[in-house]
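Asker: Contents of run.pdb (PDB, C-alpha atoms, pLDDT in the B column) are below:
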ATOM      1  CA  MET A   1     -14.492  28.418 -20.772  1.00 58.00           C
ATOM      2  CA  THR A   2     -13.608  26.931 -17.391  1.00 56.00           C
ATOM      3  CA  THR A   3     -15.198  28.309 -14.230  1.00 57.00           C
ATOM      4  CA  GLU A   4     -11.737  29.375 -13.054  1.00 56.00           C
ATOM      5  CA  GLY A   5     -11.072  31.237 -16.290  1.00 58.00           C
ATOM      6  CA  ALA A   6     -14.439  33.000 -16.130  1.00 57.00           C
ATOM      7  CA  ALA A   7     -13.802  34.022 -12.524  1.00 57.00           C
ATOM      8  CA  LEU A   8     -10.386  35.409 -13.388  1.00 57.00           C
ATOM      9  CA  LEU A   9     -11.805  37.353 -16.293  1.00 60.00           C
ATOM     10  CA  GLY A  10     -14.522  38.686 -14.044  1.00 55.00           C
ATOM     11  CA  ARG A  11     -11.866  40.311 -11.877  1.00 54.00           C
ATOM     12  CA  ARG A  12     -10.343  41.992 -14.912  1.00 55.00           C
ATOM     13  CA  ARG A  13     -13.315  43.781 -16.424  1.00 54.00           C
ATOM     14  CA  ILE A  14     -12.254  46.360 -18.968  1.00 47.00           C
ATOM     15  CA  THR A  15     -12.796  50.000 -18.049  1.00 45.00           C
ATOM     16  CA  THR A  16      -9.954  51.860 -19.772  1.00 49.00           C
ATOM     17  CA  PRO A  17     -10.173  53.579 -23.183  1.00 51.00           C
ATOM     18  CA  SER A  18      -7.813  51.083 -24.814  1.00 86.00           C
ATOM     19  CA  LEU A  19     -10.349  48.269 -24.818  1.00 89.00           C
ATOM     20  CA  ALA A  20      -8.662  46.020 -27.363  1.00 92.00           C
ATOM     21  CA  GLU A  21      -5.263  46.258 -25.662  1.00 92.00           C
ATOM     22  CA  GLU A  22      -6.730  45.580 -22.223  1.00 92.00           C
ATOM     23  CA  ALA A  23      -8.687  42.600 -23.554  1.00 94.00           C
ATOM     24  CA  TYR A  24      -5.509  41.372 -25.210  1.00 93.00           C
ATOM     25  CA  GLU A  25      -3.584  41.552 -21.933  1.00 91.00           C
ATOM     26  CA  ALA A  26      -6.314  39.752 -19.963  1.00 93.00           C
ATOM     27  CA  LEU A  27      -6.645  36.902 -22.453  1.00 95.00           C
ATOM     28  CA  HIS A  28      -2.892  36.721 -23.062  1.00 91.00           C
ATOM     29  CA  ASP A  29      -2.211  36.078 -19.382  1.00 89.00           C
ATOM     30  CA  LEU A  30      -4.882  33.381 -19.147  1.00 91.00           C
ATOM     31  CA  ILE A  31      -3.504  31.584 -22.214  1.00 91.00           C
ATOM     32  CA  VAL A  32       0.160  31.811 -21.191  1.00 88.00           C
ATOM     33  CA  HIS A  33      -0.624  30.578 -17.678  1.00 84.00           C
ATOM     34  CA  GLY A  34      -2.651  27.669 -19.028  1.00 83.00           C
ATOM     35  CA  ARG A  35      -6.004  28.789 -17.625  1.00 87.00           C
ATOM     36  CA  LEU A  36      -7.341  28.863 -21.166  1.00 91.00           C
ATOM     37  CA  ALA A  37      -6.192  25.492 -22.457  1.00 88.00           C
ATOM     38  CA  PRO A  38      -4.804  24.664 -25.922  1.00 89.00           C
ATOM     39  CA  GLY A  39      -7.690  23.902 -28.262  1.00 92.00           C
ATOM     40  CA  GLN A  40     -10.274  25.652 -26.079  1.00 94.00           C
ATOM     41  CA  ARG A  41     -12.971  27.558 -27.984  1.00 95.00           C
ATOM     42  CA  LEU A  42     -13.187  31.302 -27.408  1.00 95.00           C
ATOM     43  CA  VAL A  43     -16.916  32.087 -27.565  1.00 94.00           C
ATOM     44  CA  GLU A  44     -17.322  35.782 -28.357  1.00 93.00           C
ATOM     45  CA  PRO A  45     -20.630  36.487 -26.525  1.00 93.00           C
ATOM     46  CA  GLU A  46     -19.248  34.885 -23.350  1.00 93.00           C
ATOM     47  CA  LEU A  47     -15.984  36.812 -23.534  1.00 93.00           C
ATOM     48  CA  CYS A  48     -17.760  40.096 -24.254  1.00 93.00           C
ATOM     49  CA  GLU A  49     -19.963  39.637 -21.201  1.00 92.00           C
ATOM     50  CA  GLN A  50     -17.096  38.628 -18.928  1.00 91.00           C
ATOM     51  CA  LEU A  51     -14.832  41.465 -20.065  1.00 90.00           C
ATOM     52  CA  GLY A  52     -17.614  44.039 -20.328  1.00 91.00           C
ATOM     53  CA  ILE A  53     -16.783  45.039 -23.900  1.00 91.00           C
ATOM     54  CA  SER A  54     -18.362  44.851 -27.358  1.00 93.00           C
ATOM     55  CA  ARG A  55     -17.333  42.493 -30.137  1.00 92.00           C
ATOM     56  CA  THR A  56     -15.277  45.086 -32.024  1.00 93.00           C
ATOM     57  CA  PRO A  57     -12.459  45.487 -29.451  1.00 93.00           C
ATOM     58  CA  LEU A  58     -12.673  41.778 -28.603  1.00 94.00           C
ATOM     59  CA  ARG A  59     -12.092  40.788 -32.221  1.00 94.00           C
ATOM     60  CA  GLU A  60      -9.173  43.202 -32.438  1.00 94.00           C
ATOM     61  CA  ALA A  61      -7.695  41.588 -29.332  1.00 95.00           C
ATOM     62  CA  LEU A  62      -8.133  38.127 -30.856  1.00 96.00           C
ATOM     63  CA  LYS A  63      -6.300  39.293 -33.984  1.00 95.00           C
ATOM     64  CA  MET A  64      -3.417  40.516 -31.826  1.00 93.00           C
ATOM     65  CA  LEU A  65      -3.289  37.161 -30.053  1.00 94.00           C
ATOM     66  CA  ALA A  66      -3.355  35.384 -33.410  1.00 93.00           C
ATOM     67  CA  ASN A  67      -0.335  37.440 -34.485  1.00 89.00           C
ATOM     68  CA  ASP A  68       1.437  36.133 -31.370  1.00 86.00           C
ATOM     69  CA  GLY A  69       0.578  32.566 -32.344  1.00 86.00           C
ATOM     70  CA  LEU A  70      -1.581  32.119 -29.233  1.00 91.00           C
ATOM     71  CA  VAL A  71      -4.995  32.058 -30.928  1.00 94.00           C
ATOM     72  CA  THR A  72      -6.199  30.423 -34.132  1.00 95.00           C
ATOM     73  CA  LEU A  73      -8.852  32.359 -36.049  1.00 94.00           C
ATOM     74  CA  ARG A  74     -11.335  30.192 -37.978  1.00 90.00           C
ATOM     75  CA  ARG A  75     -13.705  31.391 -40.683  1.00 88.00           C
ATOM     76  CA  ASN A  76     -17.358  31.333 -39.539  1.00 86.00           C
ATOM     77  CA  ARG A  77     -16.368  29.480 -36.369  1.00 90.00           C
ATOM     78  CA  ASN A  78     -15.226  30.432 -32.889  1.00 91.00           C
ATOM     79  CA  ALA A  79     -11.555  31.234 -32.494  1.00 94.00           C
ATOM     80  CA  GLN A  80      -9.636  28.795 -30.349  1.00 95.00           C
ATOM     81  CA  VAL A  81      -6.508  28.767 -28.228  1.00 94.00           C
ATOM     82  CA  SER A  82      -3.727  27.524 -30.487  1.00 91.00           C
ATOM     83  CA  LEU A  83      -2.461  24.005 -29.981  1.00 88.00           C
ATOM     84  CA  ILE A  84       1.151  23.454 -28.915  1.00 81.00           C
ATOM     85  CA  ASP A  85       3.178  21.554 -31.516  1.00 82.00           C
ATOM     86  CA  PRO A  86       6.230  19.952 -29.821  1.00 81.00           C
ATOM     87  CA  GLN A  87       8.238  19.837 -33.062  1.00 84.00           C
ATOM     88  CA  GLU A  88       7.506  23.481 -33.825  1.00 84.00           C
ATOM     89  CA  LEU A  89       8.508  24.366 -30.263  1.00 83.00           C
ATOM     90  CA  GLU A  90      11.837  22.674 -30.815  1.00 84.00           C
ATOM     91  CA  HIS A  91      12.408  24.772 -33.919  1.00 87.00           C
ATOM     92  CA  LEU A  92      11.301  27.955 -32.143  1.00 86.00           C
ATOM     93  CA  PHE A  93      13.708  27.344 -29.286  1.00 87.00           C
ATOM     94  CA  GLU A  94      16.567  26.846 -31.741  1.00 89.00           C
ATOM     95  CA  VAL A  95      15.864  30.299 -33.173  1.00 91.00           C
ATOM     96  CA  GLU A  96      15.311  31.804 -29.723  1.00 91.00           C
ATOM     97  CA  ALA A  97      18.626  30.404 -28.484  1.00 93.00           C
ATOM     98  CA  GLY A  98      20.454  31.947 -31.421  1.00 94.00           C
ATOM     99  CA  LEU A  99      18.773  35.335 -31.043  1.00 95.00           C
ATOM    100  CA  GLU A 100      19.255  35.672 -27.303  1.00 96.00           C
ATOM    101  CA  SER A 101      22.825  34.386 -27.435  1.00 97.00           C
ATOM    102  CA  LEU A 102      23.630  37.048 -30.019  1.00 97.00           C
ATOM    103  CA  ALA A 103      21.812  39.659 -27.924  1.00 98.00           C
ATOM    104  CA  ALA A 104      23.865  38.787 -24.839  1.00 98.00           C
ATOM    105  CA  THR A 105      27.105  38.924 -26.815  1.00 98.00           C
ATOM    106  CA  LEU A 106      26.264  42.414 -28.080  1.00 98.00           C
ATOM    107  CA  ALA A 107      24.782  43.587 -24.767  1.00 98.00           C
ATOM    108  CA  ALA A 108      28.018  42.827 -22.941  1.00 98.00           C
ATOM    109  CA  GLU A 109      29.623  45.597 -24.977  1.00 97.00           C
ATOM    110  CA  ARG A 110      26.671  47.943 -25.427  1.00 98.00           C
ATOM    111  CA  MET A 111      24.643  47.949 -22.204  1.00 97.00           C
ATOM    112  CA  THR A 112      25.006  51.118 -20.174  1.00 97.00           C
ATOM    113  CA  ALA A 113      26.097  51.108 -16.552  1.00 97.00           C
ATOM    114  CA  SER A 114      22.580  52.114 -15.477  1.00 97.00           C
ATOM    115  CA  GLU A 115      21.073  49.214 -17.434  1.00 97.00           C
ATOM    116  CA  LEU A 116      23.452  46.785 -15.746  1.00 97.00           C
ATOM    117  CA  LYS A 117      22.494  48.166 -12.327  1.00 97.00           C
ATOM    118  CA  ARG A 118      18.832  47.739 -13.216  1.00 98.00           C
ATOM    119  CA  LEU A 119      19.516  44.171 -14.315  1.00 98.00           C
ATOM    120  CA  GLU A 120      21.265  43.455 -11.021  1.00 97.00           C
ATOM    121  CA  LYS A 121      18.272  44.784  -9.071  1.00 98.00           C
ATOM    122  CA  LEU A 122      15.938  42.585 -11.098  1.00 97.00           C
ATOM    123  CA  GLN A 123      18.174  39.591 -10.371  1.00 97.00           C
ATOM    124  CA  LEU A 124      17.899  40.221  -6.629  1.00 97.00           C
ATOM    125  CA  ARG A 125      14.111  40.423  -6.905  1.00 97.00           C
ATOM    126  CA  LEU A 126      14.102  37.199  -8.933  1.00 96.00           C
ATOM    127  CA  GLU A 127      15.993  35.416  -6.166  1.00 96.00           C
ATOM    128  CA  LYS A 128      13.491  36.648  -3.566  1.00 96.00           C
ATOM    129  CA  LEU A 129      10.563  35.405  -5.686  1.00 94.00           C
ATOM    130  CA  LEU A 130      12.252  32.016  -5.927  1.00 92.00           C
ATOM    131  CA  ASP A 131      12.352  31.854  -2.124  1.00 92.00           C
ATOM    132  CA  GLN A 132       8.679  32.885  -1.960  1.00 93.00           C
ATOM    133  CA  GLY A 133       7.594  30.330  -4.566  1.00 88.00           C
ATOM    134  CA  ASP A 134       5.529  32.938  -6.449  1.00 90.00           C
ATOM    135  CA  ARG A 135       5.396  31.326  -9.891  1.00 87.00           C
ATOM    136  CA  ASP A 136       3.432  34.010 -11.760  1.00 88.00           C
ATOM    137  CA  ALA A 137       5.502  36.907 -10.435  1.00 92.00           C
ATOM    138  CA  TYR A 138       8.728  34.957 -11.017  1.00 92.00           C
ATOM    139  CA  PHE A 139       7.731  34.272 -14.619  1.00 89.00           C
ATOM    140  CA  ALA A 140       6.802  37.908 -15.317  1.00 91.00           C
ATOM    141  CA  LEU A 141      10.096  39.153 -13.909  1.00 95.00           C
ATOM    142  CA  ASN A 142      12.026  36.485 -15.794  1.00 92.00           C
ATOM    143  CA  GLN A 143      10.491  37.765 -19.026  1.00 91.00           C
ATOM    144  CA  ARG A 144      11.480  41.336 -18.146  1.00 94.00           C
ATOM    145  CA  ILE A 145      15.082  40.276 -17.592  1.00 96.00           C
ATOM    146  CA  HIS A 146      15.272  38.565 -20.973  1.00 95.00           C
ATOM    147  CA  ALA A 147      13.712  41.613 -22.652  1.00 94.00           C
ATOM    148  CA  LEU A 148      16.210  43.955 -20.956  1.00 97.00           C
ATOM    149  CA  ILE A 149      19.153  41.898 -22.183  1.00 97.00           C
ATOM    150  CA  VAL A 150      17.775  41.893 -25.719  1.00 97.00           C
ATOM    151  CA  SER A 151      17.162  45.650 -25.652  1.00 97.00           C
ATOM    152  CA  GLY A 152      20.684  46.086 -24.274  1.00 97.00           C
ATOM    153  CA  ALA A 153      22.054  44.782 -27.569  1.00 98.00           C
ATOM    154  CA  LYS A 154      20.961  48.110 -29.097  1.00 98.00           C
ATOM    155  CA  ASN A 155      19.854  46.382 -32.300  1.00 98.00           C
ATOM    156  CA  PRO A 156      16.259  47.326 -33.245  1.00 96.00           C
ATOM    157  CA  VAL A 157      15.960  44.565 -35.861  1.00 96.00           C
ATOM    158  CA  LEU A 158      17.014  41.908 -33.364  1.00 96.00           C
ATOM    159  CA  GLU A 159      14.622  43.335 -30.768  1.00 94.00           C
ATOM    160  CA  ARG A 160      11.647  43.367 -33.159  1.00 91.00           C
ATOM    161  CA  THR A 161      12.374  39.822 -34.316  1.00 92.00           C
ATOM    162  CA  HIS A 162      12.648  38.618 -30.731  1.00 92.00           C
ATOM    163  CA  ARG A 163       9.380  40.314 -29.744  1.00 87.00           C
ATOM    164  CA  ARG A 164       7.484  38.614 -32.573  1.00 83.00           C
ATOM    165  CA  LEU A 165       8.883  35.238 -31.593  1.00 83.00           C
ATOM    166  CA  LEU A 166       8.312  35.637 -27.871  1.00 81.00           C
ATOM    167  CA  GLY A 167       4.535  35.336 -27.986  1.00 75.00           C
ATOM    168  CA  GLN A 168       4.790  31.786 -29.309  1.00 77.00           C
ATOM    169  CA  LEU A 169       7.289  30.770 -26.612  1.00 83.00           C
ATOM    170  CA  GLU A 170       5.771  32.313 -23.494  1.00 84.00           C
ATOM    171  CA  ARG A 171       3.440  29.399 -22.785  1.00 84.00           C
ATOM    172  CA  ALA A 172       6.305  26.956 -23.129  1.00 79.00           C
ATOM    173  CA  ARG A 173       8.557  28.972 -20.821  1.00 81.00           C
ATOM    174  CA  TYR A 174       5.827  29.112 -18.199  1.00 82.00           C
ATOM    175  CA  LEU A 175       5.310  25.368 -18.569  1.00 76.00           C
ATOM    176  CA  ALA A 176       9.009  24.778 -17.872  1.00 73.00           C
ATOM    177  CA  LEU A 177       8.530  26.359 -14.430  1.00 74.00           C
ATOM    178  CA  ASP A 178       6.223  23.462 -13.581  1.00 66.00           C
ATOM    179  CA  GLN A 179       9.428  21.889 -12.296  1.00 60.00           C
ATOM    180  CA  LEU A 180      10.549  23.687  -9.126  1.00 53.00           C
ATOM    181  CA  GLY A 181      14.096  22.445  -9.667  1.00 70.00           C
ATOM    182  CA  ARG A 182      14.121  24.384 -12.921  1.00 80.00           C
ATOM    183  CA  TRP A 183      13.355  27.593 -10.995  1.00 85.00           C
ATOM    184  CA  GLU A 184      16.521  27.150  -8.969  1.00 89.00           C
ATOM    185  CA  GLN A 185      18.626  26.212 -11.976  1.00 91.00           C
ATOM    186  CA  SER A 186      17.228  29.099 -14.024  1.00 91.00           C
ATOM    187  CA  THR A 187      17.920  31.623 -11.263  1.00 94.00           C
ATOM    188  CA  GLU A 188      21.542  30.504 -10.999  1.00 96.00           C
ATOM    189  CA  GLU A 189      21.916  30.678 -14.784  1.00 96.00           C
ATOM    190  CA  HIS A 190      20.580  34.248 -14.718  1.00 96.00           C
ATOM    191  CA  ARG A 191      23.199  35.102 -12.107  1.00 97.00           C
ATOM    192  CA  GLU A 192      25.949  33.681 -14.343  1.00 98.00           C
ATOM    193  CA  ILE A 193      24.675  35.686 -17.328  1.00 98.00           C
ATOM    194  CA  LEU A 194      24.599  38.856 -15.221  1.00 98.00           C
ATOM    195  CA  GLU A 195      28.182  38.338 -14.037  1.00 98.00           C
ATOM    196  CA  ALA A 196      29.370  37.830 -17.624  1.00 98.00           C
ATOM    197  CA  LEU A 197      27.601  41.016 -18.735  1.00 98.00           C
ATOM    198  CA  LYS A 198      29.088  43.011 -15.845  1.00 97.00           C
ATOM    199  CA  ALA A 199      32.539  41.701 -16.811  1.00 98.00           C
ATOM    200  CA  ARG A 200      31.872  42.852 -20.400  1.00 98.00           C
ATOM    201  CA  ASP A 201      32.662  39.311 -21.532  1.00 98.00           C
ATOM    202  CA  GLY A 202      30.473  38.921 -24.618  1.00 97.00           C
ATOM    203  CA  GLU A 203      31.646  35.430 -25.478  1.00 98.00           C
ATOM    204  CA  ARG A 204      30.852  34.092 -22.010  1.00 98.00           C
ATOM    205  CA  ALA A 205      27.532  35.947 -21.815  1.00 98.00           C
ATOM    206  CA  GLY A 206      26.429  34.513 -25.154  1.00 97.00           C
ATOM    207  CA  ARG A 207      27.523  31.026 -24.155  1.00 97.00           C
ATOM    208  CA  CYS A 208      25.699  31.221 -20.808  1.00 97.00           C
ATOM    209  CA  LEU A 209      22.467  32.460 -22.357  1.00 96.00           C
ATOM    210  CA  LEU A 210      22.631  29.800 -25.068  1.00 95.00           C
ATOM    211  CA  ALA A 211      22.920  27.105 -22.400  1.00 95.00           C
ATOM    212  CA  HIS A 212      20.080  28.717 -20.421  1.00 94.00           C
ATOM    213  CA  ILE A 213      17.682  28.526 -23.380  1.00 92.00           C
ATOM    214  CA  HIS A 214      18.687  24.941 -24.138  1.00 90.00           C
ATOM    215  CA  HIS A 215      18.020  23.932 -20.529  1.00 88.00           C
ATOM    216  CA  THR A 216      14.571  25.539 -20.693  1.00 86.00           C
ATOM    217  CA  GLY A 217      13.825  23.541 -23.830  1.00 81.00           C
ATOM    218  CA  GLU A 218      14.931  20.359 -22.082  1.00 81.00           C
ATOM    219  CA  ALA A 219      12.647  21.122 -19.116  1.00 77.00           C
ATOM    220  CA  ILE A 220       9.683  21.578 -21.453  1.00 77.00           C
ATOM    221  CA  ALA A 221      10.456  18.304 -23.213  1.00 73.00           C
ATOM    222  CA  ALA A 222      10.503  16.580 -19.813  1.00 70.00           C
ATOM    223  CA  VAL A 223       7.076  18.016 -18.949  1.00 64.00           C
ATOM    224  CA  ASN A 224       5.699  16.875 -22.318  1.00 63.00           C
ATOM    225  CA  ARG A 225       7.035  13.355 -21.777  1.00 62.00           C
ATOM    226  CA  ARG A 226       5.462  13.238 -18.328  1.00 61.00           C
ATOM    227  CA  ASP A 227       2.080  14.339 -19.735  1.00 57.00           C
TER
END
Do you think you could lay out the structure here as structure tokens?
Answerer:
Amino acid sequence: MTTEGAALLGRRRITTPSLAEEAYEALHDLIVHGRLAPGQRLVEPELCEQLGISRTPLREALKMLANDGLVTLRRNRNAQVSLIDPQELEHLFEVEAGLESLAATLAAERMTASELKRLEKLQLRLEKLLDQGDRDAYFALNQRIHALIVSGAKNPVLERTHRRLLGQLERARYLALDQLGRWEQSTEEHREILEALKARDGERAGRCLLAHIHHTGEAIAAVNRRD
């Protein structure tokens, strides 16, 4: 583990009863934000010491991360941070684009007035975070906005499917924000989606969200080419 990763874990020692869930959250954030790199070994004794927990909750947390596609469990060997497969990412984004476009189309009809007001407040906060250049906070809020739109579709099957897929895409979405120009473009696209939802225009909302996901995929491809 990198010195930076160890230091960050040290600030997030686990003290709550839900040890596995807290360990999951700590490791999840480090993986999504790239502080635990793809292919990096996750040495259990080191993690237990840094998180202040035993192996039982740690292993449960690693299983949860494996279900998200963020960790690869290996028999009789240390788990490792899952590698990013560009071709698989392309396929995942195709599915994500379809799911979220459908969600926006349905949400335009089904979101309540209070949910739309909440979405508008989140949009205003997103714009402020863009001005501040706070990448981590911007990303977290961006994820909340997407989740609110999906939940606004009022389709539990769609929401569960989206949640399972999201874990595998979070790292890629964060990577796309490596380009500051993408922050600005993404924020404007969120504004367009919000306006379509407020107008109860499902077709336009679905079209805008579809384009938004495609642009994110293009930004990730650009980062991969640069690397």
Asker: Between atom CA of Arg118 of chain A and atom CA of Glu203 of chain A, what distance in Å does the model show, to one decimal?
Answerer: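 Separation between atom CA of Arg118 of chain A and atom CA of Glu203 of chain A: 21.6 Å.
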Asker: Give as a list in words each residue that has an atom at most 12 Å from (-4.2, 24.5, -26.8) in the file, counting all atoms listed in the file.
Answerer: Leu30, Ile31, Val32, His33, Gly34, Arg35, Leu36, Ala37, Pro38, Gly39, Gln40, Arg41, Leu42, Gly69, Leu70, Val71, Thr72, Ala79, Gln80, Val81, Ser82, Leu83, Ile84, Asp85, Pro86, Gln168, Arg171 and Ala172 of chain A
Asker: Atom CA of Leu177 of chain A and atom CA of Leu130 of chain A are how many Å apart?
Answerer: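 Atom-to-atom, atom CA of Leu177 of chain A and atom CA of Leu130 of chain A are spaced 10.9 Å apart.
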Asker: Given the file shown, enumerate the residues that the PyMOL selection byres ((chain A and resi 88-103) around 10) captures and present them as an NGL selection string.
Answerer: :A and (84-87 or 104-108 or 110 or 146-155 or 158-159 or 161-162 or 165-166 or 168-169 or 172 or 202-214 or 216-218 or 220-221)
Asker: Please enumerate the residues selected by the PyMOL selection byres ((chain A and resi 186-192) around 7) when evaluated against the supplied file, formatted as a list of chain:residue names.
Answerer: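 Going through the file, the PyMOL selection byres ((chain A and resi 186-192) around 7) ends up selecting A:Gln123, A:Glu127, A:Arg182, A:Trp183, A:Glu184, A:Gln185, A:Ile193, A:Leu194, A:Glu195, A:Ala196, A:Cys208, A:His212.
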Asker: Which distance in Å separates atom CA of Asn76 of chain A and atom CA of Glu25 of chain A, to one decimal?
Answerer: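 We find that atom CA of Asn76 of chain A and atom CA of Glu25 of chain A lie 24.6 Å from each other.
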Asker: I'd like to know which of A:Ala23, A:Glu115, A:Arg135, A:Arg173 is closest to Glu49 of chain A, using all atoms listed in the file.
Answerer: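 Among A:Ala23, A:Glu115, A:Arg135, A:Arg173, it is A:Ala23 that comes nearest to Glu49 of chain A.
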Asker: Export segment 132-153 of chain A of the preceding structure, keeping N, CA and C atoms, as an mmCIF file, in the first residue's frame.
Answerer:
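The new file decode-v2.cif reads:
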data_model
loop_
_atom_site.group_PDB
_atom_site.id
_atom_site.type_symbol
_atom_site.label_atom_id
_atom_site.label_comp_id
_atom_site.auth_asym_id
_atom_site.auth_seq_id
_atom_site.Cartn_x
_atom_site.Cartn_y
_atom_site.Cartn_z
ATOM 1 N N GLN A 132 -15.417 26.044 -6.996
ATOM 2 C CA GLN A 132 -14.411 25.838 -5.958
ATOM 3 C C GLN A 132 -13.324 24.858 -6.386
ATOM 4 N N GLY A 133 -13.593 24.062 -7.421
ATOM 5 C CA GLY A 133 -12.615 23.083 -7.879
ATOM 6 C C GLY A 133 -12.429 21.911 -6.926
ATOM 7 N N ASP A 134 -13.466 21.607 -6.133
ATOM 8 C CA ASP A 134 -13.385 20.510 -5.159
ATOM 9 C C ASP A 134 -13.807 19.210 -5.845
ATOM 10 N N ARG A 135 -12.821 18.472 -6.345
ATOM 11 C CA ARG A 135 -13.099 17.300 -7.179
ATOM 12 C C ARG A 135 -13.835 16.199 -6.413
ATOM 13 N N ASP A 136 -13.372 15.873 -5.209
ATOM 14 C CA ASP A 136 -13.986 14.774 -4.461
ATOM 15 C C ASP A 136 -15.432 15.089 -4.085
ATOM 16 N N ALA A 137 -15.667 16.305 -3.600
ATOM 17 C CA ALA A 137 -17.027 16.686 -3.223
ATOM 18 C C ALA A 137 -17.924 16.769 -4.450
ATOM 19 N N TYR A 138 -17.379 17.281 -5.551
ATOM 20 C CA TYR A 138 -18.140 17.371 -6.806
ATOM 21 C C TYR A 138 -18.558 15.971 -7.254
ATOM 22 N N PHE A 139 -17.620 15.036 -7.208
ATOM 23 C CA PHE A 139 -17.906 13.672 -7.646
ATOM 24 C C PHE A 139 -18.995 13.042 -6.778
ATOM 25 N N ALA A 140 -18.862 13.184 -5.453
ATOM 26 C CA ALA A 140 -19.852 12.589 -4.547
ATOM 27 C C ALA A 140 -21.245 13.148 -4.809
ATOM 28 N N LEU A 141 -21.326 14.450 -5.018
ATOM 29 C CA LEU A 141 -22.631 15.067 -5.269
ATOM 30 C C LEU A 141 -23.169 14.660 -6.635
ATOM 31 N N ASN A 142 -22.293 14.550 -7.603
ATOM 32 C CA ASN A 142 -22.691 14.085 -8.934
ATOM 33 C C ASN A 142 -23.336 12.702 -8.855
ATOM 34 N N GLN A 143 -22.737 11.825 -8.064
ATOM 35 C CA GLN A 143 -23.293 10.484 -7.882
ATOM 36 C C GLN A 143 -24.673 10.534 -7.234
ATOM 37 N N ARG A 144 -24.840 11.427 -6.260
ATOM 38 C CA ARG A 144 -26.138 11.570 -5.594
ATOM 39 C C ARG A 144 -27.211 12.024 -6.572
ATOM 40 N N ILE A 145 -26.850 12.924 -7.469
ATOM 41 C CA ILE A 145 -27.817 13.425 -8.448
ATOM 42 C C ILE A 145 -28.268 12.300 -9.375
ATOM 43 N N HIS A 146 -27.318 11.516 -9.859
ATOM 44 C CA HIS A 146 -27.676 10.392 -10.723
ATOM 45 C C HIS A 146 -28.580 9.407 -9.976
ATOM 46 N N ALA A 147 -28.241 9.127 -8.716
ATOM 47 C CA ALA A 147 -29.039 8.182 -7.932
ATOM 48 C C ALA A 147 -30.454 8.710 -7.707
ATOM 49 N N LEU A 148 -30.591 10.021 -7.500
ATOM 50 C CA LEU A 148 -31.916 10.608 -7.273
ATOM 51 C C LEU A 148 -32.782 10.518 -8.532
ATOM 52 N N ILE A 149 -32.167 10.715 -9.681
ATOM 53 C CA ILE A 149 -32.925 10.593 -10.931
ATOM 54 C C ILE A 149 -33.388 9.158 -11.130
ATOM 55 N N VAL A 150 -32.496 8.210 -10.856
ATOM 56 C CA VAL A 150 -32.859 6.799 -11.013
ATOM 57 C C VAL A 150 -33.974 6.423 -10.036
ATOM 58 N N SER A 151 -33.858 6.861 -8.792
ATOM 59 C CA SER A 151 -34.913 6.540 -7.817
ATOM 60 C C SER A 151 -36.221 7.226 -8.187
ATOM 61 N N GLY A 152 -36.118 8.376 -8.868
ATOM 62 C CA GLY A 152 -37.320 9.094 -9.290
ATOM 63 C C GLY A 152 -38.127 8.361 -10.344
ATOM 64 N N ALA A 153 -37.523 7.364 -10.980
ATOM 65 C CA ALA A 153 -38.255 6.561 -11.963
ATOM 66 C C ALA A 153 -39.294 5.665 -11.303
#
